[in-house]
>>> print(open('protein-v3.tsv').read())   # TSV, C-alpha atoms
chain	number	residue	atom	x	y	z
G	1	MET	CA	28.76	-58.73	-45.52
G	2	THR	CA	30.37	-61.41	-47.69
G	3	ASN	CA	30.61	-64.70	-45.86
G	4	MET	CA	34.04	-66.30	-45.66
G	5	SER	CA	34.56	-69.92	-46.57
G	6	ALA	CA	35.68	-72.40	-43.95
G	7	GLU	CA	39.10	-72.51	-45.60
G	8	GLN	CA	39.43	-68.71	-45.43
G	9	ARG	CA	38.54	-68.76	-41.75
G	10	ARG	CA	41.17	-71.39	-41.02
G	11	GLU	CA	43.87	-69.53	-42.92
G	12	ARG	CA	43.07	-66.32	-41.02
G	13	GLY	CA	44.49	-67.99	-37.91
G	14	THR	CA	47.17	-70.43	-38.99
G	15	TYR	CA	50.84	-71.28	-38.68
G	16	LEU	CA	52.64	-71.36	-42.01
G	17	PRO	CA	55.45	-73.84	-41.18
G	18	LYS	CA	53.03	-76.55	-40.00
G	19	ASP	CA	53.91	-78.88	-42.90
G	20	GLU	CA	57.66	-78.81	-42.28
G	21	ALA	CA	59.59	-81.67	-40.70
G	22	GLY	CA	60.27	-79.86	-37.46
G	23	PRO	CA	61.64	-76.74	-35.76
G	24	GLY	CA	64.57	-74.83	-37.16
G	25	TYR	CA	65.27	-72.25	-39.86
G	26	PRO	CA	64.57	-73.91	-43.21
G	27	ARG	CA	66.70	-72.95	-46.17
G	28	GLY	CA	64.69	-71.22	-48.83
G	29	LYS	CA	61.95	-70.26	-46.36
G	30	THR	CA	63.79	-67.94	-43.96
G	31	ALA	CA	64.13	-64.19	-44.52
G	32	LEU	CA	65.80	-61.38	-42.58
G	33	LEU	CA	63.96	-58.06	-42.24
G	34	ILE	CA	66.02	-55.01	-41.26
G	35	ILE	CA	63.74	-52.18	-40.15
G	36	ASP	CA	64.80	-48.51	-40.39
G	37	PRO	CA	68.61	-48.90	-40.42
G	38	VAL	CA	68.93	-45.20	-41.18
G	39	ASN	CA	70.96	-42.21	-40.04
G	40	ASP	CA	68.18	-40.49	-38.12
G	41	PHE	CA	68.21	-43.46	-35.72
G	42	LEU	CA	71.76	-44.80	-35.90
G	43	SER	CA	74.13	-41.92	-36.62
G	44	GLU	CA	75.34	-39.03	-34.49
G	45	GLY	CA	73.52	-35.95	-35.72
G	46	GLY	CA	70.42	-37.91	-36.70
G	47	ALA	CA	67.07	-36.40	-35.76
G	48	ALA	CA	66.38	-39.13	-33.20
G	49	TRP	CA	69.96	-39.81	-32.11
G	50	GLU	CA	69.60	-38.16	-28.71
G	51	LEU	CA	66.72	-40.58	-28.00
G	52	THR	CA	68.21	-43.77	-29.43
G	53	LYS	CA	71.94	-43.49	-28.78
G	54	GLY	CA	71.72	-45.10	-25.31
G	55	THR	CA	70.42	-48.46	-26.54
G	56	VAL	CA	72.22	-48.30	-29.90
G	57	GLU	CA	75.60	-47.86	-28.23
G	58	HIS	CA	74.83	-50.24	-25.35
G	59	ASN	CA	73.85	-53.08	-27.71
G	60	ASN	CA	76.35	-52.15	-30.42
G	61	VAL	CA	73.38	-52.28	-32.77
G	62	VAL	CA	75.18	-51.12	-35.92
G	63	ARG	CA	77.88	-53.81	-35.64
G	64	HIS	CA	75.35	-56.54	-34.91
G	65	LEU	CA	73.10	-55.43	-37.76
G	66	ARG	CA	76.07	-55.55	-40.11
G	67	GLU	CA	76.93	-59.06	-38.86
G	68	ALA	CA	73.34	-60.17	-39.35
G	69	ILE	CA	73.17	-58.77	-42.88
G	70	GLU	CA	76.53	-60.16	-43.95
G	71	GLY	CA	75.82	-63.53	-42.33
G	72	ALA	CA	72.46	-63.77	-44.07
G	73	ARG	CA	73.97	-62.95	-47.46
G	74	GLU	CA	76.67	-65.59	-47.00
G	75	ARG	CA	74.00	-68.19	-46.25
G	76	GLY	CA	71.67	-67.25	-49.05
G	77	ILE	CA	69.03	-65.80	-46.72
G	78	PRO	CA	67.08	-62.98	-48.41
G	79	VAL	CA	67.65	-59.59	-46.76
G	80	LEU	CA	64.82	-57.07	-46.88
G	81	PHE	CA	65.26	-53.42	-45.88
G	82	GLY	CA	62.19	-51.64	-44.50
G	83	PRO	CA	62.83	-47.87	-44.35
G	84	MET	CA	60.57	-44.87	-43.70
G	85	ALA	CA	60.30	-41.72	-45.83
G	86	TYR	CA	57.90	-38.80	-45.63
G	87	THR	CA	57.00	-36.29	-48.31
G	88	GLU	CA	55.03	-33.03	-48.29
G	89	GLU	CA	51.93	-34.91	-49.44
G	90	ASP	CA	52.01	-37.17	-46.38
G	91	TYR	CA	51.52	-34.17	-44.12
G	92	ALA	CA	49.86	-31.47	-46.23
G	93	GLU	CA	47.34	-33.78	-47.90
G	94	HIS	CA	47.04	-36.82	-45.61
G	95	SER	CA	47.65	-35.18	-42.19
G	96	LEU	CA	49.81	-38.05	-40.94
G	97	HIS	CA	51.15	-35.82	-38.16
G	98	LYS	CA	47.67	-35.98	-36.61
G	99	ARG	CA	47.42	-39.77	-36.70
G	100	SER	CA	49.39	-40.80	-33.62
G	101	GLY	CA	51.88	-39.69	-31.02
G	102	ILE	CA	54.86	-41.13	-32.86
G	103	ASN	CA	53.74	-39.54	-36.14
G	104	ARG	CA	53.57	-36.16	-34.39
G	105	ILE	CA	57.06	-36.63	-32.92
G	106	MET	CA	58.52	-37.59	-36.30
G	107	TYR	CA	56.87	-34.55	-37.90
G	108	GLU	CA	58.07	-32.08	-35.28
G	109	LYS	CA	61.63	-33.44	-35.31
G	110	LYS	CA	61.73	-33.58	-39.14
G	111	MET	CA	62.55	-37.27	-39.13
G	112	PHE	CA	62.85	-39.45	-42.24
G	113	LEU	CA	62.23	-36.63	-44.72
G	114	ALA	CA	62.43	-38.15	-48.19
G	115	GLY	CA	65.76	-37.55	-49.92
G	116	SER	CA	67.49	-36.35	-46.75
G	117	TRP	CA	70.66	-37.68	-45.12
G	118	GLY	CA	68.61	-38.69	-42.10
G	119	ALA	CA	66.31	-40.97	-44.11
G	120	ASP	CA	69.24	-42.58	-45.93
G	121	PHE	CA	70.72	-45.91	-44.86
G	122	HIS	CA	73.58	-45.88	-42.37
G	123	PRO	CA	76.90	-46.05	-44.26
G	124	ASP	CA	77.73	-49.44	-42.71
G	125	LEU	CA	74.30	-50.87	-43.54
G	126	GLN	CA	73.89	-50.21	-47.23
G	127	PRO	CA	71.67	-52.57	-49.26
G	128	GLY	CA	73.53	-54.84	-51.67
G	129	PRO	CA	72.69	-55.82	-55.25
G	130	GLY	CA	70.71	-58.89	-54.20
G	131	ASP	CA	68.82	-57.27	-51.32
G	132	ILE	CA	65.23	-56.02	-51.40
G	133	ILE	CA	64.27	-52.45	-50.51
G	134	LEU	CA	60.61	-52.23	-49.53
G	135	THR	CA	58.35	-49.28	-50.21
G	136	PRO	CA	58.55	-46.85	-47.25
G	137	HIS	CA	56.24	-47.48	-44.31
G	138	LYS	CA	54.42	-44.47	-42.90
G	139	SER	CA	53.97	-45.48	-39.28
G	140	THR	CA	54.98	-48.51	-37.21
G	141	ASP	CA	53.92	-51.54	-39.30
G	142	VAL	CA	56.13	-52.66	-42.18
G	143	PHE	CA	53.42	-55.13	-43.20
G	144	MET	CA	51.52	-52.12	-44.55
G	145	THR	CA	53.98	-52.00	-47.47
G	146	ASP	CA	54.84	-54.47	-50.22
G	147	LEU	CA	56.45	-56.78	-47.63
G	148	PRO	CA	53.67	-59.43	-47.80
G	149	GLU	CA	54.03	-59.72	-51.58
G	150	HIS	CA	57.79	-60.22	-51.34
G	151	LEU	CA	57.47	-62.82	-48.58
G	152	GLU	CA	54.89	-64.74	-50.59
G	153	ARG	CA	57.07	-64.62	-53.70
G	154	LEU	CA	60.07	-65.86	-51.72
G	155	GLY	CA	58.07	-68.67	-50.09
G	156	THR	CA	58.99	-67.35	-46.63
G	157	THR	CA	57.59	-69.00	-43.51
G	158	HIS	CA	60.24	-67.84	-40.98
G	159	LEU	CA	60.74	-64.10	-40.55
G	160	VAL	CA	63.71	-62.81	-38.54
G	161	ILE	CA	63.42	-59.18	-37.42
G	162	ALA	CA	66.07	-56.64	-36.41
G	163	GLY	CA	66.51	-52.88	-36.51
G	164	MET	CA	64.65	-49.92	-35.03
G	165	THR	CA	62.80	-49.44	-32.83
G	166	ALA	CA	62.07	-52.20	-30.36
G	167	ASN	CA	58.69	-51.08	-29.03
G	168	LEU	CA	57.32	-49.57	-32.24
G	169	CYS	CA	58.14	-50.75	-35.77
G	170	CYS	CA	59.87	-53.99	-34.75
G	171	GLU	CA	57.12	-54.97	-32.36
G	172	SER	CA	54.19	-53.92	-34.58
G	173	THR	CA	55.60	-55.71	-37.61
G	174	GLY	CA	56.29	-58.85	-35.60
G	175	ARG	CA	52.75	-58.87	-34.22
G	176	HIS	CA	51.31	-58.56	-37.71
G	177	ALA	CA	53.62	-61.30	-39.01
G	178	VAL	CA	52.55	-63.68	-36.25
G	179	GLU	CA	48.88	-63.01	-37.03
G	180	ARG	CA	49.63	-63.88	-40.66
G	181	GLY	CA	51.10	-67.21	-39.57
G	182	PHE	CA	54.84	-66.55	-39.81
G	183	ASP	CA	57.34	-68.02	-37.38
G	184	VAL	CA	58.90	-64.83	-35.96
G	185	THR	CA	62.34	-64.41	-34.37
G	186	TYR	CA	63.77	-61.22	-32.90
G	187	LEU	CA	67.53	-60.58	-32.83
G	188	SER	CA	67.93	-58.99	-29.40
G	189	ASP	CA	71.40	-57.48	-29.85
G	190	ALA	CA	70.56	-55.99	-33.28
G	191	ILE	CA	67.61	-53.94	-32.03
G	192	GLY	CA	67.56	-50.51	-30.40
G	193	SER	CA	64.91	-48.24	-28.92
G	194	GLU	CA	64.34	-44.69	-27.73
G	195	SER	CA	64.99	-45.71	-24.11
G	196	MET	CA	66.32	-48.63	-22.13
G	197	PRO	CA	62.99	-49.26	-20.35
G	198	SER	CA	61.12	-49.57	-23.66
G	199	TYR	CA	63.84	-51.87	-25.02
G	200	GLU	CA	63.76	-54.10	-21.95
G	201	ALA	CA	59.96	-54.26	-21.94
G	202	SER	CA	59.97	-55.39	-25.56
G	203	ILE	CA	62.82	-57.88	-25.30
G	204	ARG	CA	61.96	-59.36	-21.88
G	205	LEU	CA	58.16	-59.18	-21.81
G	206	ASN	CA	56.46	-58.61	-25.16
G	207	TYR	CA	58.61	-60.40	-27.75
G	208	PRO	CA	58.76	-63.69	-25.80
G	209	LEU	CA	54.96	-63.92	-25.94
G	210	LEU	CA	54.31	-62.73	-29.48
G	211	SER	CA	57.22	-64.51	-31.20
G	212	ASN	CA	58.86	-67.92	-31.10
G	213	ALA	CA	62.39	-66.86	-30.16
G	214	VAL	CA	64.39	-63.90	-28.89
G	215	ILE	CA	68.03	-64.68	-29.60
G	216	THR	CA	71.30	-63.01	-30.53
G	217	VAL	CA	72.71	-62.69	-34.03
G	218	GLU	CA	75.34	-65.33	-33.27
G	219	GLU	CA	72.73	-67.76	-31.94
G	220	PHE	CA	70.58	-67.25	-35.03
G	221	MET	CA	73.47	-68.03	-37.34
G	222	GLN	CA	74.35	-71.15	-35.33
G	223	ALA	CA	70.73	-72.26	-35.37
G	224	PHE	CA	70.43	-71.70	-39.11
G	225	ASP	CA	73.67	-73.57	-39.80
G	226	GLY	CA	72.43	-76.46	-37.67
G	227	SER	CA	69.01	-76.64	-39.31
G	228	SER	CA	68.28	-79.51	-41.67
G	229	ASP	CA	65.33	-81.35	-43.14
G	230	ALA	CA	65.34	-83.60	-40.06
G	231	PRO	CA	63.52	-82.46	-36.92
G	232	VAL	CA	65.49	-80.66	-34.24
G	233	THR	CA	66.67	-83.25	-31.75
G	234	VAL	CA	66.83	-82.73	-28.00
G	235	GLN	CA	69.64	-84.49	-26.17
G	236	VAL	CA	70.37	-85.27	-22.56
G	237	GLY	CA	72.55	-82.50	-21.15
G	238	ASP	CA	71.11	-79.75	-23.36
G	239	THR	CA	70.35	-76.40	-21.74
G	240	VAL	CA	66.68	-75.46	-22.03
G	241	ARG	CA	65.89	-71.79	-22.56
G	242	GLY	CA	62.58	-69.97	-22.73
G	243	SER	CA	61.46	-67.69	-25.54
G	244	ASP	CA	62.82	-64.81	-23.44
G	245	HIS	CA	66.26	-66.48	-23.49
G	246	GLY	CA	65.99	-67.27	-19.79
G	247	GLU	CA	67.67	-70.51	-18.69
G	248	LEU	CA	65.22	-73.12	-17.37
G	249	GLY	CA	67.48	-76.05	-16.59
G	250	THR	CA	69.19	-79.08	-18.11
G	251	VAL	CA	67.59	-81.99	-19.91
G	252	GLU	CA	67.85	-85.12	-17.80
G	253	GLU	CA	65.83	-87.46	-19.98
G	254	VAL	CA	64.19	-87.50	-23.41
G	255	ARG	CA	61.20	-89.77	-23.83
G	256	PRO	CA	59.69	-90.66	-27.22
G	257	ALA	CA	55.98	-90.75	-27.90
G	258	GLY	CA	54.15	-93.86	-26.74
G	259	HIS	CA	50.65	-95.28	-26.78
G	260	GLU	CA	49.50	-93.04	-23.91
G	261	HIS	CA	52.10	-90.26	-23.78
G	262	ASP	CA	53.37	-87.64	-26.21
G	263	ALA	CA	57.11	-87.11	-26.70
G	264	HIS	CA	58.64	-84.96	-23.97
G	265	MET	CA	61.78	-84.08	-22.05
G	266	LEU	CA	62.36	-84.11	-18.33
G	267	VAL	CA	63.91	-81.07	-16.65
G	268	PRO	CA	64.46	-81.97	-12.98
G	269	GLN	CA	63.58	-79.86	-9.99
G	270	GLY	CA	65.96	-76.96	-9.52
G	271	LEU	CA	66.20	-73.22	-8.94
G	272	ILE	CA	63.61	-72.42	-11.60
G	273	PHE	CA	61.30	-75.39	-11.33
G	274	GLY	CA	60.19	-76.39	-7.85
G	275	ARG	CA	59.27	-79.81	-9.23
G	276	ASP	CA	60.26	-82.17	-11.99
G	277	THR	CA	58.97	-80.69	-15.23
G	278	TYR	CA	57.90	-82.61	-18.32
G	279	ILE	CA	58.07	-80.32	-21.36
G	280	PRO	CA	56.40	-81.50	-24.60
G	281	LEU	CA	58.93	-81.78	-27.38
G	282	ASP	CA	56.65	-79.89	-29.73
G	283	ALA	CA	57.27	-76.82	-27.54
G	284	VAL	CA	60.88	-76.82	-28.83
G	285	VAL	CA	61.24	-74.27	-31.62
G	286	GLN	CA	64.98	-73.83	-32.16
G	287	ARG	CA	68.36	-75.27	-31.36
G	288	SER	CA	71.60	-73.25	-31.21
G	289	GLY	CA	74.67	-75.21	-30.14
G	290	THR	CA	73.72	-77.07	-26.97
G	291	ASP	CA	70.84	-74.69	-26.20
G	292	VAL	CA	67.28	-75.66	-27.08
G	293	PHE	CA	64.59	-72.99	-27.03
G	294	ILE	CA	60.94	-73.52	-26.17
G	295	ASN	CA	58.23	-71.03	-27.14
G	296	VAL	CA	57.25	-70.19	-23.57
G	297	PRO	CA	59.10	-67.49	-21.58
G	298	LYS	CA	60.96	-68.34	-18.40
G	299	LEU	CA	58.59	-66.16	-16.37
G	300	VAL	CA	55.66	-68.34	-17.40
G	301	ALA	CA	57.22	-71.79	-17.82
G	302	SER	CA	56.95	-72.72	-14.14
G	303	LYS	CA	53.20	-72.06	-14.31
G	304	MET	CA	52.59	-74.47	-17.18
G	305	PRO	CA	50.71	-77.73	-16.39
G	306	TRP	CA	53.84	-79.78	-16.91
G	307	ASP	CA	54.07	-81.59	-13.58
G	308	GLN	CA	53.26	-84.91	-15.25
G	309	PRO	CA	54.27	-86.46	-18.58
G	310	PRO	CA	51.95	-85.13	-21.32
G	311	THR	CA	49.33	-87.66	-22.33
G	312	VAL	CA	47.48	-88.13	-25.59
G	313	ALA	CA	44.22	-87.56	-23.71
G	314	ASP	CA	45.51	-84.24	-22.34
G	315	ARG	CA	46.44	-83.10	-25.84
G	316	LYS	CA	42.97	-83.90	-27.12
G	317	GLU	CA	41.45	-81.77	-24.35
G	318	LYS	CA	43.83	-78.88	-25.12
G	319	GLU	CA	42.92	-79.00	-28.81
G	320	GLY	CA	39.26	-78.41	-27.95
G	321	PRO	CA	36.16	-79.31	-29.94
G	322	ALA	CA	35.98	-79.66	-33.72
G	323	ALA	CA	34.32	-76.78	-35.56
G	324	SER	CA	31.65	-79.17	-36.79
G	325	SER	CA	30.60	-80.07	-33.24
G	326	PHE	CA	28.53	-76.91	-32.59
G	327	ASP	CA	26.18	-74.69	-34.55
G	328	HIS	CA	26.76	-71.36	-32.83
G	329	LEU	CA	30.00	-70.33	-31.17
G	330	TYR	CA	28.63	-67.62	-28.86
G	331	ARG	CA	25.39	-68.96	-27.38
G	332	SER	CA	22.78	-67.88	-29.92
G	333	PHE	CA	25.10	-66.07	-32.31
G	334	SER	CA	27.85	-66.91	-34.76
G	335	PRO	CA	30.71	-64.46	-35.36
G	336	SER	CA	30.24	-62.02	-38.22
G	337	GLY	CA	31.36	-63.50	-41.49
G	338	ASP	CA	30.83	-67.10	-40.39
G	339	GLY	CA	27.57	-67.43	-42.22
G	340	GLY	CA	25.48	-68.03	-39.11
G	341	SER	CA	22.42	-66.16	-37.90
G	342	PRO	CA	20.85	-65.63	-34.49
G	343	SER	CA	18.68	-68.48	-33.37
G	344	ALA	CA	15.39	-68.12	-31.54
G	345	GLU	CA	16.70	-69.94	-28.48
G	346	PRO	CA	20.18	-69.75	-26.93
G	347	ALA	CA	22.34	-72.72	-27.80
G	348	ALA	CA	22.97	-75.07	-24.91
G	349	MET	CA	26.32	-74.54	-23.23
G	350	SER	CA	28.16	-76.70	-20.80
G	351	PRO	CA	29.57	-75.18	-17.58
G	352	ARG	CA	33.05	-75.21	-19.15
G	353	SER	CA	31.99	-73.05	-22.08
G	354	THR	CA	29.84	-70.55	-20.22
G	355	ALA	CA	31.36	-67.08	-20.21
G	356	SER	CA	32.38	-65.84	-16.81
>>> encode(input="protein-v3.tsv", output="structure tokens")
Amino acid sequence: MTNMSAEQRRERGTYLPKDEAGPGYPRGKTALLIIDPVNDFLSEGGAAWELTKGTVEHNNVVRHLREAIEGARERGIPVLFGPMAYTEEDYAEHSLHKRSGINRIMYEKKMFLAGSWGADFHPDLQPGPGDIILTPHKSTDVFMTDLPEHLERLGTTHLVIAGMTANLCCESTGRHAVERGFDVTYLSDAIGSESMPSYEASIRLNYPLLSNAVITVEEFMQAFDGSSDAPVTVQVGDTVRGSDHGELGTVEEVRPAGHEHDAHMLVPQGLIFGRDTYIPLDAVVQRSGTDVFINVPKLVASKMPWDQPPTVADRKEKEGPAASSFDHLYRSFSPSGDGGSPSAEPAAMSPRSTAS
């Protein structure tokens, strides 16, 4: 096995916007990805319409997708369309209908057949001259197309995702994007699914943990318009929301970094927090109007160790040891590809690092 360099290992788990001035949606580095805005999902008579119409109509997905696309074009945000299309070769030669449950369903219901009305873009969601149409994806991950090449060419660090469906293509693509270091946002009212439970599970539970924000189209546009080269500022009186859009409380005080403490905001005891809560300012990822969003969901925020102002010493402990401070990560072994080899004796481990 070829050993990876230290730089390659670091870049395998990184965050692309780390060199930017602060949170927000930077111009020239933000892109909008619209996944499967096609008739089979979004139009009456489509092969999947009986499954998707409940969430599509409830969220008014077509209208919100149109608003997202038009708003992005007006602001110079690149719009990428990620459709699906299947040909005879996909099934007869590559047996994609045997690969997974969703592939079998698409095969049996004749979904996204290349050249068909069902695989074509919804009439209200047609790509424009300046938009990018990706090569068709064949399952649930749009990153398995030419998407990475386009994002690299565009210099994208912030990827905003909308379209179909919540718990499959949108979620899989967002997961992959996060692993590649992108700052991921989901537009909650421009996403549909095959059922309300799967939509709610994605929007309320999964997206808030695997992305940095779950917001509406309107909130995204406001946040983008308010972004600048200066860091996002938090002000007294702002409403704090979690990554699941849940309201956490109101900012009572904003404290800058000092010799012993990191910058943070105080959200006083209330219905959500049973104690005064000191949230690090570097947990703030977006601002839309008077709402500031942190990248922790409401359901988890009260369980964070934020009962005291964050200290510099605490941050050092959270960051953990430097890579150069140990020879073998897992007792006597290094992970594959790290260039290490088993040692004759297990490496010494402190009680904190011993596996349970």
>>> residues_near_point(input="protein-v3.tsv", point="(68.8, -79.6, -28.8)", cutoff="12 Å", atoms="only C-alpha atoms", output="VMD selection string")
chain G and resid 23 to 24 223 226 to 227 231 to 241 250 to 251 254 265 281 283 to 294
>>> residues_near_point(input="protein-v3.tsv", point="(71.1, -60.3, -30.2)", cutoff="10 Å", atoms="only C-alpha atoms", output="ChimeraX atom specification")
/G:59-61,64-65,68,162,186-191,203,214-220
>>> atom_distance(input="protein-v3.tsv", atom1="atom CA of G:Leu134", atom2="atom CA of G:Pro83")
7.1 Å
>>> atom_distance(input="protein-v3.tsv", atom1="atom CA of G:Pro148", atom2="atom CA of G:Gly128")
20.7 Å
>>> atom_distance(input="protein-v3.tsv", atom1="atom CA of G:Ile69", atom2="atom CA of G:Arg27")
15.9 Å
>>> closest_residue(input="protein-v3.tsv", among="G:Gly320, G:Gly118, G:Gly54, G:Pro280", to="G:Val296", atoms="all atoms listed in the file")
G:Pro280
>>> closest_residue(input="protein-v3.tsv", among="G:Thr145, G:Asn206, G:Ser325, G:Thr14", to="G:Phe182", atoms="all atoms listed in the file")
G:Thr14
>>> axis_aligned_box(input="protein-v3.tsv", around="stretch 278-295 of chain G", padding_each_side="8 Å", output="lines of an AutoDock Vina configuration file")
center_x = 65.5
center_y = -76.8
center_z = -25.2
size_x = 34.3
size_y = 27.6
size_z = 29.8
>>> residues_around(input="protein-v3.tsv", residues="G:Gln126", least_positions_apart="5", cutoff="12 Å", atoms="all atoms listed in the file", output="list in words")
Ile34, Asp36, Pro37, Val38, Asn39, Val62, Leu65, Arg66, Ile69, Glu70, Val79, Leu80, Phe81, Pro83, Asp120, Phe121, Asp131, Ile132 and Ile133 of chain G
>>> write_last_selection(input="protein-v3.tsv", atoms="C-alpha atoms", output="PDB file, keeping the file's coordinate frame")
ATOM      1  CA  ILE G  34      66.020 -55.010 -41.260  1.00  0.00           C
ATOM      2  CA  ASP G  36      64.800 -48.510 -40.390  1.00  0.00           C
ATOM      3  CA  PRO G  37      68.610 -48.900 -40.420  1.00  0.00           C
ATOM      4  CA  VAL G  38      68.930 -45.200 -41.180  1.00  0.00           C
ATOM      5  CA  ASN G  39      70.960 -42.210 -40.040  1.00  0.00           C
ATOM      6  CA  VAL G  62      75.180 -51.120 -35.920  1.00  0.00           C
ATOM      7  CA  LEU G  65      73.100 -55.430 -37.760  1.00  0.00           C
ATOM      8  CA  ARG G  66      76.070 -55.550 -40.110  1.00  0.00           C
ATOM      9  CA  ILE G  69      73.170 -58.770 -42.880  1.00  0.00           C
ATOM     10  CA  GLU G  70      76.530 -60.160 -43.950  1.00  0.00           C
ATOM     11  CA  VAL G  79      67.650 -59.590 -46.760  1.00  0.00           C
ATOM     12  CA  LEU G  80      64.820 -57.070 -46.880  1.00  0.00           C
ATOM     13  CA  PHE G  81      65.260 -53.420 -45.880  1.00  0.00           C
ATOM     14  CA  PRO G  83      62.830 -47.870 -44.350  1.00  0.00           C
ATOM     15  CA  ASP G 120      69.240 -42.580 -45.930  1.00  0.00           C
ATOM     16  CA  PHE G 121      70.720 -45.910 -44.860  1.00  0.00           C
ATOM     17  CA  ASP G 131      68.820 -57.270 -51.320  1.00  0.00           C
ATOM     18  CA  ILE G 132      65.230 -56.020 -51.400  1.00  0.00           C
ATOM     19  CA  ILE G 133      64.270 -52.450 -50.510  1.00  0.00           C
TER      20      ILE G 133
END
>>> residues_around(input="protein-v3.tsv", residues="stretch 256-263 of chain G", least_positions_apart="2", cutoff="6 Å", atoms="all atoms listed in the file", output="list in words")
Leu281, Pro310, Thr311 and Val312 of chain G
>>> write_last_selection(input="protein-v3.tsv", atoms="C-alpha atoms", output="PDB file, in the coordinates of the input")
ATOM      1  CA  LEU G 281      58.930 -81.780 -27.380  1.00  0.00           C
ATOM      2  CA  PRO G 310      51.950 -85.130 -21.320  1.00  0.00           C
ATOM      3  CA  THR G 311      49.330 -87.660 -22.330  1.00  0.00           C
ATOM      4  CA  VAL G 312      47.480 -88.130 -25.590  1.00  0.00           C
TER       5      VAL G 312
END
>>> closest_residue(input="protein-v3.tsv", among="G:Glu194, G:Asp146, G:Glu179, G:Glu152", to="G:Glu57", atoms="all atoms listed in the file")
G:Glu194
>>> closest_residue(input="protein-v3.tsv", among="G:Leu154, G:Met84, G:Val56, G:Ala177", to="G:Ser195", atoms="all atoms listed in the file")
G:Val56
>>> closest_residue(input="protein-v3.tsv", among="G:Ala201, G:Gly155, G:Met221, G:His137", to="G:Arg73", atoms="only C-alpha atoms")
G:Met221
>>> build_atoms(input="protein-v3.tsv", residues="stretch 94-108 of chain G", atoms="N, CA and C atoms", output="compact mmCIF listing (two decimals), in the coordinates of the input")
# COMPACT_ATOMS: atom_id res chain seq x y z
N HIS G 94 47.55 -35.67 -46.36
CA HIS G 94 47.04 -36.82 -45.61
C HIS G 94 47.08 -36.64 -44.10
N SER G 95 47.66 -35.54 -43.62
CA SER G 95 47.65 -35.18 -42.19
C SER G 95 48.19 -36.30 -41.30
N LEU G 96 49.27 -36.94 -41.73
CA LEU G 96 49.81 -38.05 -40.94
C LEU G 96 50.34 -37.59 -39.59
N HIS G 97 50.67 -36.32 -39.45
CA HIS G 97 51.15 -35.82 -38.16
C HIS G 97 50.05 -35.76 -37.12
N LYS G 98 48.80 -35.96 -37.54
CA LYS G 98 47.67 -35.98 -36.61
C LYS G 98 47.23 -37.40 -36.26
N ARG G 99 47.89 -38.39 -36.83
CA ARG G 99 47.42 -39.77 -36.70
C ARG G 99 47.77 -40.40 -35.37
N SER G 100 48.94 -40.12 -34.85
CA SER G 100 49.39 -40.80 -33.62
C SER G 100 50.49 -39.98 -32.96
N GLY G 101 50.81 -40.37 -31.74
CA GLY G 101 51.88 -39.69 -31.02
C GLY G 101 53.21 -39.79 -31.72
N ILE G 102 53.56 -40.98 -32.22
CA ILE G 102 54.86 -41.13 -32.86
C ILE G 102 54.90 -40.38 -34.19
N ASN G 103 53.77 -40.33 -34.90
CA ASN G 103 53.74 -39.54 -36.14
C ASN G 103 53.95 -38.05 -35.85
N ARG G 104 53.38 -37.56 -34.76
CA ARG G 104 53.57 -36.16 -34.39
C ARG G 104 55.04 -35.89 -34.05
N ILE G 105 55.65 -36.81 -33.30
CA ILE G 105 57.06 -36.63 -32.92
C ILE G 105 57.95 -36.61 -34.16
N MET G 106 57.71 -37.54 -35.09
CA MET G 106 58.52 -37.59 -36.30
C MET G 106 58.35 -36.31 -37.13
N TYR G 107 57.14 -35.79 -37.16
CA TYR G 107 56.87 -34.55 -37.90
C TYR G 107 57.60 -33.37 -37.27
N GLU G 108 57.46 -33.21 -35.96
CA GLU G 108 58.07 -32.08 -35.28
C GLU G 108 59.59 -32.11 -35.33
